[in-house]
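A.B. asks: Supplied structure: query-v2.txt, compact mmCIF, C-alpha atoms.
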```txt
# COMPACT_ATOMS: atom_id res chain seq x y z
CA MET W 1 -22.01 6.90 5.25
CA ARG W 2 -18.48 7.66 6.32
CA ALA W 3 -15.67 5.56 5.02
CA GLY W 4 -13.93 3.26 7.44
CA ARG W 5 -10.26 3.29 8.12
CA SER W 6 -7.55 2.25 5.72
CA PRO W 7 -6.37 -1.35 5.93
CA SER W 8 -2.78 -2.35 6.57
CA GLN W 9 -0.48 -3.95 3.99
CA THR W 10 2.94 -5.51 4.40
CA ILE W 11 6.04 -3.35 4.45
CA GLY W 12 7.52 -5.82 1.93
CA PRO W 13 11.23 -6.60 1.50
CA PHE W 14 12.38 -3.38 -0.20
CA PHE W 15 11.96 -0.57 2.35
CA GLY W 16 15.65 -0.43 3.25
CA PHE W 17 16.50 2.47 0.93
CA ALA W 18 13.58 4.56 2.20
CA LEU W 19 12.57 4.18 5.85
CA PRO W 20 15.78 3.72 7.87
CA TRP W 21 17.95 6.75 8.46
CA ALA W 22 21.28 7.17 10.20
CA ASP W 23 19.89 8.79 13.35
CA GLY W 24 16.83 6.54 13.43
CA PRO W 25 17.99 4.16 16.19
CA PHE W 26 18.74 7.03 18.55
CA ALA W 27 15.67 7.84 20.63
CA ALA W 28 18.16 9.63 22.87
CA PRO W 29 21.28 11.23 21.38
CA VAL W 30 24.77 9.85 21.93
CA GLY W 31 26.19 11.22 25.15
CA THR W 32 22.85 11.47 26.94
CA ALA W 33 23.45 10.84 30.64
CA GLY W 34 22.18 7.44 31.71
CA ALA W 35 21.51 6.26 28.17
CA ILE W 36 21.26 2.53 27.48
CA TRP W 37 21.37 0.22 24.50
CA LEU W 38 18.36 -1.99 23.88
CA ARG W 39 19.45 -4.88 21.72
CA GLY W 40 17.67 -7.94 20.48
CA GLN W 41 17.01 -10.43 17.73
CA LEU W 42 13.88 -10.93 15.66
CA VAL W 43 13.20 -14.60 14.81
CA ASP W 44 10.48 -16.48 12.94
CA GLY W 45 8.56 -19.65 13.72
CA ASN W 46 11.56 -21.82 12.87
CA GLY W 47 13.83 -19.78 15.13
CA GLU W 48 15.52 -18.36 12.04
CA PRO W 49 16.59 -14.70 12.11
CA VAL W 50 14.37 -12.24 10.26
CA PRO W 51 16.86 -10.13 8.27
CA ASP W 52 14.31 -7.81 6.67
CA GLY W 53 12.35 -6.54 9.65
CA LEU W 54 11.87 -3.03 10.98
CA ILE W 55 11.64 -2.32 14.71
CA GLU W 56 10.16 0.89 16.07
CA THR W 57 9.94 1.91 19.71
CA TRP W 58 8.05 4.69 21.42
CA GLN W 59 8.14 5.86 25.03
CA ALA W 60 5.75 8.52 26.23
CA SER W 61 8.01 10.19 28.76
CA LEU W 62 11.57 10.91 27.75
CA ALA W 63 13.45 14.02 28.71
CA GLY W 64 16.31 14.81 26.35
CA GLY W 65 15.28 12.87 23.28
CA ARG W 66 12.46 12.41 20.82
CA GLY W 67 11.31 9.12 22.40
CA PHE W 68 10.95 7.36 19.05
CA ALA W 69 13.44 5.03 17.44
CA ARG W 70 13.47 3.08 14.18
CA CYS W 71 15.99 0.36 13.40
CA PRO W 72 16.04 -2.20 10.58
CA THR W 73 17.16 -5.70 11.52
CA ASP W 74 20.53 -6.80 10.13
CA GLY W 75 21.48 -10.06 8.43
CA ASP W 76 21.25 -11.86 11.78
CA GLY W 77 17.87 -10.36 12.63
CA ARG W 78 19.45 -8.04 15.18
CA TYR W 79 18.48 -4.50 16.11
CA ALA W 80 19.89 -1.95 18.56
CA ILE W 81 18.23 1.16 19.95
CA HIS W 82 19.89 3.86 22.00
CA THR W 83 17.56 5.40 24.57
CA ILE W 84 16.92 6.19 28.21
CA LYS W 85 15.07 3.75 30.40
CA PRO W 86 11.53 5.13 30.75
CA GLU W 87 9.94 6.22 34.02
CA ALA W 88 6.72 4.82 35.41
CA VAL W 89 3.65 6.80 34.32
CA VAL W 90 0.56 7.42 36.45
CA ALA W 91 -2.63 7.82 34.41
CA GLU W 92 -6.23 7.59 35.61
CA GLY W 93 -5.13 6.21 38.94
CA ALA W 94 -3.18 3.32 37.43
CA THR W 95 0.60 3.15 37.60
CA HIS W 96 2.12 1.90 34.37
CA ALA W 97 5.49 0.26 34.94
CA PRO W 98 8.40 1.58 32.87
CA HIS W 99 8.07 0.20 29.36
CA LEU W 100 8.51 0.95 25.68
CA ALA W 101 5.82 0.35 23.07
CA VAL W 102 7.20 -1.66 20.14
CA SER W 103 6.06 -2.13 16.54
CA VAL W 104 7.49 -4.84 14.30
CA PHE W 105 7.11 -4.72 10.53
CA ALA W 106 8.40 -7.28 8.03
CA ARG W 107 7.76 -9.01 4.76
CA GLY W 108 5.16 -11.63 5.62
CA LEU W 109 3.52 -9.47 8.25
CA LEU W 110 0.41 -8.09 6.59
CA ARG W 111 0.07 -5.76 9.57
CA ARG W 112 2.46 -4.84 12.32
CA VAL W 113 2.76 -6.77 15.54
CA VAL W 114 2.83 -4.72 18.73
CA THR W 115 4.52 -5.65 21.97
CA ARG W 116 6.04 -3.97 25.02
CA ILE W 117 9.49 -4.03 26.57
CA TYR W 118 9.40 -4.17 30.39
CA PHE W 119 12.41 -4.19 32.70
CA PRO W 120 13.47 -7.02 35.04
CA ASP W 121 14.69 -4.66 37.78
CA GLU W 122 11.25 -3.09 38.29
CA GLU W 123 9.61 -5.95 40.15
CA ALA W 124 7.27 -3.88 42.31
CA ALA W 125 6.16 -1.64 39.43
CA ASN W 126 5.75 -4.65 37.15
CA ARG W 127 3.51 -6.39 39.72
CA ALA W 128 1.25 -3.33 39.76
CA ASP W 129 1.18 -2.83 35.99
CA PRO W 130 -2.34 -3.36 34.59
CA VAL W 131 -1.16 -4.92 31.34
CA LEU W 132 1.37 -7.31 32.85
CA ALA W 133 -1.14 -8.26 35.54
CA SER W 134 -3.68 -9.22 32.88
CA ILE W 135 -1.35 -11.90 31.48
CA HIS W 136 -1.73 -14.87 33.78
CA ASP W 137 0.59 -17.37 32.09
CA PRO W 138 4.05 -16.75 33.63
CA ALA W 139 5.84 -18.01 30.51
CA ALA W 140 3.89 -15.61 28.31
CA ARG W 141 4.47 -12.72 30.71
CA ALA W 142 8.19 -13.46 30.70
CA THR W 143 8.36 -12.75 26.95
CA LEU W 144 7.73 -9.08 27.76
CA LEU W 145 10.71 -8.73 30.10
CA ALA W 146 14.09 -7.59 28.83
CA ALA W 147 17.27 -9.12 30.25
CA ARG W 148 19.98 -6.99 31.86
CA GLU W 149 23.21 -6.57 29.92
CA VAL W 150 26.37 -4.64 30.60
CA ASP W 151 25.39 -1.44 28.80
CA GLY W 152 21.63 -1.88 28.68
CA TYR W 153 19.12 -4.64 28.06
CA ARG W 154 18.37 -7.41 25.63
CA PHE W 155 14.89 -8.04 24.25
CA ASP W 156 14.37 -10.78 21.66
CA ILE W 157 11.16 -11.00 19.67
CA ARG W 158 9.82 -14.35 18.49
CA LEU W 159 7.06 -13.99 15.93
CA GLN W 160 5.72 -17.53 16.14
CA GLY W 161 5.98 -20.87 17.93
CA ASP W 162 7.57 -21.91 21.22
CA GLY W 163 8.28 -18.83 23.27
CA GLU W 164 6.18 -16.69 20.97
CA THR W 165 6.25 -13.10 22.19
CA VAL W 166 3.01 -11.71 23.56
CA PHE W 167 1.50 -9.34 21.00
CA PHE W 168 -1.20 -6.80 21.71
CA ASP W 169 -4.37 -5.75 19.96
CA VAL W 170 -3.74 -2.03 19.44
CA MET P 1 -14.29 2.97 21.95
CA ALA P 2 -15.13 4.17 18.45
CA GLY P 3 -11.96 4.52 16.49
CA ASP P 4 -10.16 1.68 18.13
CA ARG P 5 -8.36 -0.29 15.48
CA ARG P 6 -9.72 -3.59 16.77
CA GLN P 7 -13.37 -2.64 16.30
CA ALA P 8 -13.27 -2.61 12.53
CA ALA P 9 -13.89 -6.22 11.53
CA GLY P 10 -12.83 -7.16 8.02
CA VAL P 11 -10.49 -4.23 7.51
CA ASP P 12 -7.04 -5.50 8.42
CA PRO P 13 -5.69 -8.68 6.86
CA PRO P 14 -5.23 -11.73 9.10
CA TYR P 15 -1.65 -12.49 10.05
CA LEU P 16 -1.81 -15.96 8.50
CA HIS P 17 -2.84 -15.74 4.86
CA PRO P 18 -1.80 -18.97 3.08
CA ASP P 19 -1.96 -17.39 -0.39
CA TYR P 20 0.91 -15.12 0.72
CA GLY P 21 3.63 -17.66 1.47
CA SER P 22 5.80 -15.45 3.65
CA THR P 23 3.11 -15.34 6.33
CA ALA P 24 3.54 -19.07 7.09
CA ARG P 25 6.55 -18.73 9.41
CA ARG P 26 6.03 -15.15 10.52
CA ALA P 27 2.38 -14.98 11.53
CA PRO P 28 1.83 -15.16 15.29
CA ARG P 29 -0.31 -18.15 16.26
CA ARG P 30 -1.54 -16.99 19.63
CA PRO P 31 -4.47 -14.60 19.83
CA LEU P 32 -3.57 -10.98 20.38
CA VAL P 33 -3.93 -9.75 23.96
CA ARG P 34 -6.40 -6.92 24.18
CA ILE P 35 -5.24 -3.99 26.29
CA GLU P 36 -6.77 -0.71 27.27
CA TYR P 37 -4.91 2.17 25.71
CA GLY P 38 -2.44 3.72 28.13
CA PRO P 39 -0.21 6.77 27.88
CA GLY P 40 2.10 4.95 25.48
CA GLU P 41 -0.64 4.14 22.96
CA LEU P 42 -2.28 7.57 23.07
CA SER P 43 0.81 9.66 22.36
CA GLY P 44 3.50 9.68 19.71
CA PRO P 45 6.52 11.53 18.41
CA ALA P 46 6.33 14.90 16.69
CA GLY P 47 6.69 14.55 12.95
CA GLU P 48 9.29 17.31 12.79
CA ALA P 49 11.57 15.33 15.10
CA LEU P 50 11.66 12.47 12.60
CA ILE P 51 12.82 14.39 9.55
CA ALA P 52 15.50 16.53 11.14
CA GLY P 53 18.83 15.50 9.72
CA ARG P 54 17.47 13.19 7.04
CA ALA P 55 19.28 13.81 3.81
CA VAL P 56 17.76 13.85 0.36
CA SER P 57 19.16 15.40 -2.78
CA GLY P 58 16.26 17.66 -3.66
CA PRO P 59 12.80 18.36 -2.32
CA ALA P 60 11.70 15.36 -0.22
CA ASP P 61 8.15 15.45 -1.65
CA ASP P 62 9.21 15.50 -5.32
CA LEU P 63 10.66 12.11 -6.24
CA THR P 64 11.33 13.26 -9.81
CA ARG P 65 14.02 15.67 -8.63
CA HIS P 66 16.36 13.39 -6.68
CA GLY P 67 18.71 12.56 -9.56
CA ALA P 68 20.78 14.35 -12.12
CA GLY P 69 18.02 14.27 -14.73
CA GLU P 70 14.33 13.54 -15.18
CA PRO P 71 13.32 9.96 -14.43
CA ILE P 72 11.80 7.85 -17.18
CA GLY P 73 8.09 7.19 -16.78
CA GLU P 74 4.67 8.71 -16.47
CA ARG P 75 4.85 11.74 -14.17
CA ILE P 76 2.04 11.81 -11.61
CA VAL P 77 0.82 13.87 -8.66
CA VAL P 78 -0.42 11.84 -5.69
CA HIS P 79 -2.26 13.79 -3.03
CA GLY P 80 -4.84 13.32 -0.32
CA ARG P 81 -5.69 13.82 3.32
CA VAL P 82 -4.72 11.91 6.43
CA LEU P 83 -7.68 11.69 8.81
CA ASP P 84 -8.34 10.02 12.14
CA ALA P 85 -11.13 7.55 12.71
CA SER P 86 -13.56 10.41 13.35
CA HIS P 87 -12.49 11.99 10.06
CA ARG P 88 -10.66 14.85 11.73
CA PRO P 89 -7.56 15.97 9.81
CA LEU P 90 -4.23 14.90 11.27
CA ALA P 91 -1.85 17.83 10.94
CA GLY P 92 1.92 17.61 11.09
CA THR P 93 2.06 13.85 10.71
CA LEU P 94 4.87 12.19 8.80
CA VAL P 95 3.97 10.54 5.48
CA GLU P 96 6.73 8.46 3.89
CA VAL P 97 6.51 6.78 0.48
CA TRP P 98 8.66 4.36 -1.46
CA GLN P 99 8.18 2.56 -4.73
CA ALA P 100 9.64 0.79 -7.75
CA ASN P 101 10.61 2.79 -10.83
CA ALA P 102 8.60 2.87 -14.05
CA ALA P 103 10.16 -0.42 -15.13
CA GLY P 104 9.12 -2.17 -11.92
CA ARG P 105 12.56 -2.19 -10.29
CA TYR P 106 13.41 -0.99 -6.78
CA ALA P 107 16.64 0.82 -5.99
CA HIS P 108 17.34 -1.97 -3.49
CA ASP P 109 20.29 -4.37 -3.53
CA LEU P 110 18.10 -7.44 -3.15
CA ASP P 111 15.69 -6.66 -5.99
CA GLN P 112 16.61 -9.25 -8.64
CA HIS P 113 14.03 -8.31 -11.26
CA PRO P 114 15.94 -8.00 -14.58
CA ALA P 115 14.47 -4.59 -15.39
CA PRO P 116 16.61 -1.45 -15.68
CA LEU P 117 17.46 0.80 -12.78
CA ASP P 118 16.92 4.48 -13.50
CA PRO P 119 19.89 6.63 -12.46
CA SER P 120 17.51 9.57 -12.12
CA PHE P 121 15.06 7.82 -9.80
CA THR P 122 15.49 6.50 -6.28
CA GLY P 123 11.84 6.20 -5.33
CA ALA P 124 11.71 7.42 -1.73
CA GLY P 125 10.25 10.60 -0.27
CA TRP P 126 8.43 12.12 2.65
CA CYS P 127 6.45 15.11 3.83
CA LEU P 128 4.47 16.38 6.80
CA THR P 129 0.74 16.94 6.45
CA ASP P 130 -0.47 20.53 6.58
CA ALA P 131 -3.07 21.97 8.97
CA ASP P 132 -5.87 20.27 6.99
CA GLY P 133 -4.09 16.91 7.00
CA ARG P 134 -3.13 17.29 3.34
CA TYR P 135 -0.08 15.81 1.66
CA ARG P 136 1.17 15.87 -1.93
CA PHE P 137 3.93 14.04 -3.78
CA VAL P 138 5.23 14.32 -7.32
CA THR P 139 6.58 11.05 -8.64
CA ILE P 140 6.38 8.68 -11.61
CA LYS P 141 3.93 5.81 -11.91
CA PRO P 142 5.62 2.64 -10.70
CA GLY P 143 5.66 -0.45 -12.88
CA ALA P 144 4.29 -3.88 -12.06
CA TYR P 145 6.92 -6.46 -11.17
CA PRO P 146 7.20 -10.23 -10.75
CA TRP P 147 7.73 -11.93 -7.40
CA ARG P 148 8.22 -15.52 -6.38
CA ASN P 149 5.14 -16.10 -4.26
CA HIS P 150 3.56 -18.46 -6.81
CA PRO P 151 4.09 -19.30 -10.49
CA ASN P 152 3.94 -16.23 -12.73
CA ALA P 153 3.11 -13.95 -9.80
CA TRP P 154 3.08 -10.19 -10.47
CA ARG P 155 2.46 -7.38 -8.03
CA PRO P 156 0.09 -4.68 -9.26
CA ALA P 157 1.63 -1.22 -9.49
CA HIS P 158 1.72 0.27 -6.01
CA ILE P 159 3.27 2.95 -3.83
CA HIS P 160 4.15 2.03 -0.25
CA PHE P 161 2.85 4.48 2.36
CA SER P 162 4.05 4.80 5.95
CA LEU P 163 1.95 6.96 8.29
CA LEU P 164 3.12 7.85 11.77
CA GLY P 165 -0.17 9.35 12.88
CA ARG P 166 -0.13 11.41 16.04
CA SER P 167 -0.08 8.50 18.46
CA PHE P 168 1.41 5.01 18.61
CA SER P 169 -2.06 3.48 18.14
CA GLN P 170 -2.49 5.34 14.83
CA ARG P 171 0.66 3.95 13.20
CA LEU P 172 0.00 2.41 9.77
CA ILE P 173 1.99 1.01 6.87
CA THR P 174 -0.01 0.28 3.74
CA GLN P 175 0.09 0.37 -0.07
CA MET P 176 -1.68 2.56 -2.62
CA TYR P 177 -2.88 0.95 -5.85
CA PHE P 178 -4.04 2.40 -9.16
CA PRO P 179 -7.59 2.27 -10.51
CA GLY P 180 -8.35 -0.29 -13.19
CA ASP P 181 -5.25 -2.39 -12.62
CA PRO P 182 -6.04 -5.91 -13.90
CA LEU P 183 -3.43 -7.41 -11.56
CA LEU P 184 -5.35 -6.47 -8.41
CA ASP P 185 -7.70 -9.44 -8.63
CA TYR P 186 -4.70 -11.79 -8.78
CA ASP P 187 -2.74 -10.18 -5.94
CA PRO P 188 -2.75 -12.18 -2.68
CA ILE P 189 -1.52 -9.16 -0.72
CA TRP P 190 -4.37 -6.86 -1.74
CA ARG P 191 -6.83 -9.74 -1.52
CA SER P 192 -5.72 -10.51 2.03
CA ILE P 193 -7.98 -7.64 3.12
CA PRO P 194 -11.23 -9.42 3.98
CA SER P 195 -13.70 -6.67 3.15
CA PRO P 196 -14.08 -5.65 -0.52
CA ALA P 197 -15.06 -2.16 0.62
CA ALA P 198 -11.86 -1.90 2.65
CA ARG P 199 -9.80 -3.16 -0.32
CA ALA P 200 -11.30 -0.42 -2.45
CA ARG P 201 -10.03 2.21 -0.01
CA LEU P 202 -6.47 1.36 -1.02
CA VAL P 203 -7.17 2.11 -4.68
CA ALA P 204 -6.50 5.76 -5.54
CA SER P 205 -8.94 7.62 -7.75
CA PHE P 206 -7.99 9.50 -10.89
CA ASP P 207 -8.32 13.19 -10.08
CA PRO P 208 -8.93 15.42 -13.11
CA ASP P 209 -8.97 18.49 -10.86
CA ARG P 210 -5.40 17.87 -9.75
CA THR P 211 -4.17 16.79 -13.15
CA VAL P 212 -1.75 19.45 -14.28
CA PRO P 213 -2.21 20.40 -17.96
CA ASP P 214 0.67 19.40 -20.20
CA TRP P 215 2.57 18.02 -17.21
CA ALA P 216 1.20 15.24 -14.93
CA LEU P 217 -1.84 13.08 -14.15
CA GLY P 218 -3.37 13.52 -10.70
CA TYR P 219 -4.42 10.79 -8.28
CA ARG P 220 -6.19 11.19 -4.96
CA PHE P 221 -5.55 8.84 -2.04
CA ASP P 222 -7.07 9.62 1.36
CA ILE P 223 -5.91 7.65 4.38
CA ILE P 224 -7.98 7.09 7.50
CA LEU P 225 -6.08 5.90 10.54
CA GLY P 226 -7.47 3.79 13.36
CA GLY P 227 -6.44 4.22 16.96
CA ARG P 228 -6.75 7.54 18.70
CA GLU P 229 -4.76 10.14 20.56
CA GLY P 230 -5.41 11.97 23.79
CA THR P 231 -5.40 11.25 27.47
CA PRO P 232 -6.38 7.80 28.72
```
What's the C-alpha cells form of this structure?
C.D. replies:
Amino acid sequence: MRAGRSPSQTIGPFFGFALPWADGPFAAPVGTAGAIWLRGQLVDGNGEPVPDGLIETWQASLAGGRGFARCPTDGDGRYAIHTIKPEAVVAEGATHAPHLAVSVFARGLLRRVVTRIYFPDEEAANRADPVLASIHDPAARATLLAAREVDGYRFDIRLQGDGETVFFDV
Amino acid sequence: MAGDRRQAAGVDPPYLHPDYGSTARRAPRRPLVRIEYGPGELSGPAGEALIAGRAVSGPADDLTRHGAGEPIGERIVVHGRVLDASHRPLAGTLVEVWQANAAGRYAHDLDQHPAPLDPSFTGAGWCLTDADGRYRFVTIKPGAYPWRNHPNAWRPAHIHFSLLGRSFSQRLITQMYFPGDPLLDYDPIWRSIPSPAARARLVASFDPDRTVPDWALGYRFDIILGGREGTP
C-alpha cells in the first residue's frame, strides 16, 4: 500500500526570521512597465487585524517577473505586493478572467486558505469566468474582486464572519 | 482526480479545532468552494527564482554553520524525498525549514520563552530538491517549548517545513516531529490531524544508514504533496 500525502500543520507565529525575504513581495521587479501595487488587510472573525499572517500570490502568465510573491502581514495586518496585472488565460476552451491565486498562512490556520484576486475593470471577462460564474451569491462573489486604487488595487481578506472571503478547495 | 488534495479524507486538519485556541477567530465558517483546477492551480514558480538574492551567512542547507561558532545541541542530519501524489519525485522544488534552538527558543522577537538564545544558531535554512526529489539538511535537534494554549502546554520538538511543490495546488506547510516524543499525544496541533496514519507520516524515522559515525544522528522524513501539475 502506498502512503498517502502529508498533512498540513500551522505555520505558527515564529516564521518571520525564516520565510520572508527582502525581494519576496516583488513578483515583478521595481521599474517594470505597467507594474501595480496590490495592497490589502488580513482580518479575523472579530474584524481585528492579523499581524502574523503570510500572503503568497501566484499568477500563471507574467512576462518580466517570476509571478510569485510572498509578503508577511505587518502589525496592522497589511500586505503589499508589486506585480503586473495578469492577462486572461484560455485553457480547454474556457477563458479564465485575469486573476491571481492567493494562499494565506497564519497561526491558528492549521492549513492554508486559498482565494483569488479578480479585477473590477474586467466585467466582461469576469462574467465569462467559470469560477466566478459558479458563485451565485453576489455578496460572496464580491469578496473576490479587488478595488481600484491610485497605483494599483486593494484586496482585503476576511478569514471569518460577516463578509468572509470566499475560499477554495484546492 | 487522483491526487487532488480534497480527495484525501482525514488527512488535513479541520480549520476549526477547539483544542487549538487560535483557530476560534481565524477558521473560516463557510464551506470551501470546490473549483476545477485551472492554469493557475496547475503551474507554479521555479524554485531557483525564489532563492536568488536571499542572503545567508554560510551554506543554506547547513544550519550549524550560520554563526561564528558551533551551535549547542545534538547535531542531526534530516533528509528525505519530496514526492507528488503519484509518488513521482519532485525535482527542483524549494524546501524551507525553520525551528527553535536546542533550548526550545526561536530567534524571533516575539518568542518570550525564558530559555537562552544561541548566538551560533539562527534556525532557518533552505535547499532545492535534486533530480530524485531528495533534500538534506544539517541542523541541531530543536528543544520542546511551552506555549499558552492551555495550562502547562508544551509543543513537542519539531522542525517547520515549507514546500513549494511545482504547482500552486501542491503548496504545503507542515511540521516534522521526532519518533518517541512523549509530548505528541498531548499536542493539539499534531492531534488536529484526524487520521492516526496521517499523523504518523509527520513523525520522522531514525535512520541508522544516514547516521554519520562520530558526528551526527540521521533522521528520514519523506513528504508527499497533494495537488498536481500539468495542463488543465
A.B. asks: Of the candidates W:Leu110, W:Ala33, W:Ala69, W:Ala140, which shows the shortest atom-to-atom distance to Gly12 of chain W, using all atoms listed in the file?
C.D. replies: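 Closest to Gly12 of chain W of all the choices is W:Leu110.
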A.B. asks: Residues of chain W near chain P: apply a cut-off of 6 Å, count all atoms listed in the file, and supply the list as a PDB file with C-alpha atoms, in the coordinates of the input.
C.D. replies:
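Written output follows (result15.pdb):
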```pdb
ATOM      1  CA  ARG W   5     -10.260   3.290   8.120  1.00  0.00           C
ATOM      2  CA  SER W   6      -7.550   2.250   5.720  1.00  0.00           C
ATOM      3  CA  PRO W   7      -6.370  -1.350   5.930  1.00  0.00           C
ATOM      4  CA  SER W   8      -2.780  -2.350   6.570  1.00  0.00           C
ATOM      5  CA  GLN W   9      -0.480  -3.950   3.990  1.00  0.00           C
ATOM      6  CA  ALA W  18      13.580   4.560   2.200  1.00  0.00           C
ATOM      7  CA  ASP W  44      10.480 -16.480  12.940  1.00  0.00           C
ATOM      8  CA  GLY W  45       8.560 -19.650  13.720  1.00  0.00           C
ATOM      9  CA  ALA W  60       5.750   8.520  26.230  1.00  0.00           C
ATOM     10  CA  GLY W 108       5.160 -11.630   5.620  1.00  0.00           C
ATOM     11  CA  LEU W 110       0.410  -8.090   6.590  1.00  0.00           C
ATOM     12  CA  LEU W 159       7.060 -13.990  15.930  1.00  0.00           C
ATOM     13  CA  GLN W 160       5.720 -17.530  16.140  1.00  0.00           C
ATOM     14  CA  PHE W 167       1.500  -9.340  21.000  1.00  0.00           C
ATOM     15  CA  PHE W 168      -1.200  -6.800  21.710  1.00  0.00           C
ATOM     16  CA  ASP W 169      -4.370  -5.750  19.960  1.00  0.00           C
ATOM     17  CA  VAL W 170      -3.740  -2.030  19.440  1.00  0.00           C
TER      18      VAL W 170
END
```
A.B. asks: Taking only C-alpha atoms into account, name the residue in W:Gly75, W:Leu38, W:Phe17, W:Ala91 that is nearest to Gly230 of chain P.
C.D. replies: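 Once distances to Gly230 of chain P are computed over only C-alpha atoms, the minimum belongs to W:Ala91.
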A.B. asks: Got a sec: who's within 8 Å of Gly16 of chain W, counting only C-alpha atoms, leaving out chain neighbours fewer than 3 positions off, as a list in words?
C.D. replies: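 These residues fall inside the cut-off: Pro13, Leu19, Pro20 and Pro72 of chain W; His108 of chain P.
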A.B. asks: Which of these residues is nearest to Arg107 of chain W, using only C-alpha atoms: W:Ala28, W:Ala3, W:Val50, W:Leu42?
C.D. replies: W:Val50
A.B. asks: Quick one: pull the distance between atom CA of Asp132 of chain P and atom CA of Phe221 of chain P, Å, one decimal.
C.D. replies: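 Computing it gives 14.6 Å between the two atoms.
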A.B. asks: How many Å separate atom CA of Ala146 of chain W from atom CA of Phe119 of chain W?
C.D. replies: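 Atom-to-atom, atom CA of Ala146 of chain W and atom CA of Phe119 of chain W are spaced 5.4 Å apart.
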A.B. asks: Please compute the atom CA of Lys141 of chain P-atom CA of Pro114 of chain P distance, one decimal, in Å.
C.D. replies: 18.5 Å
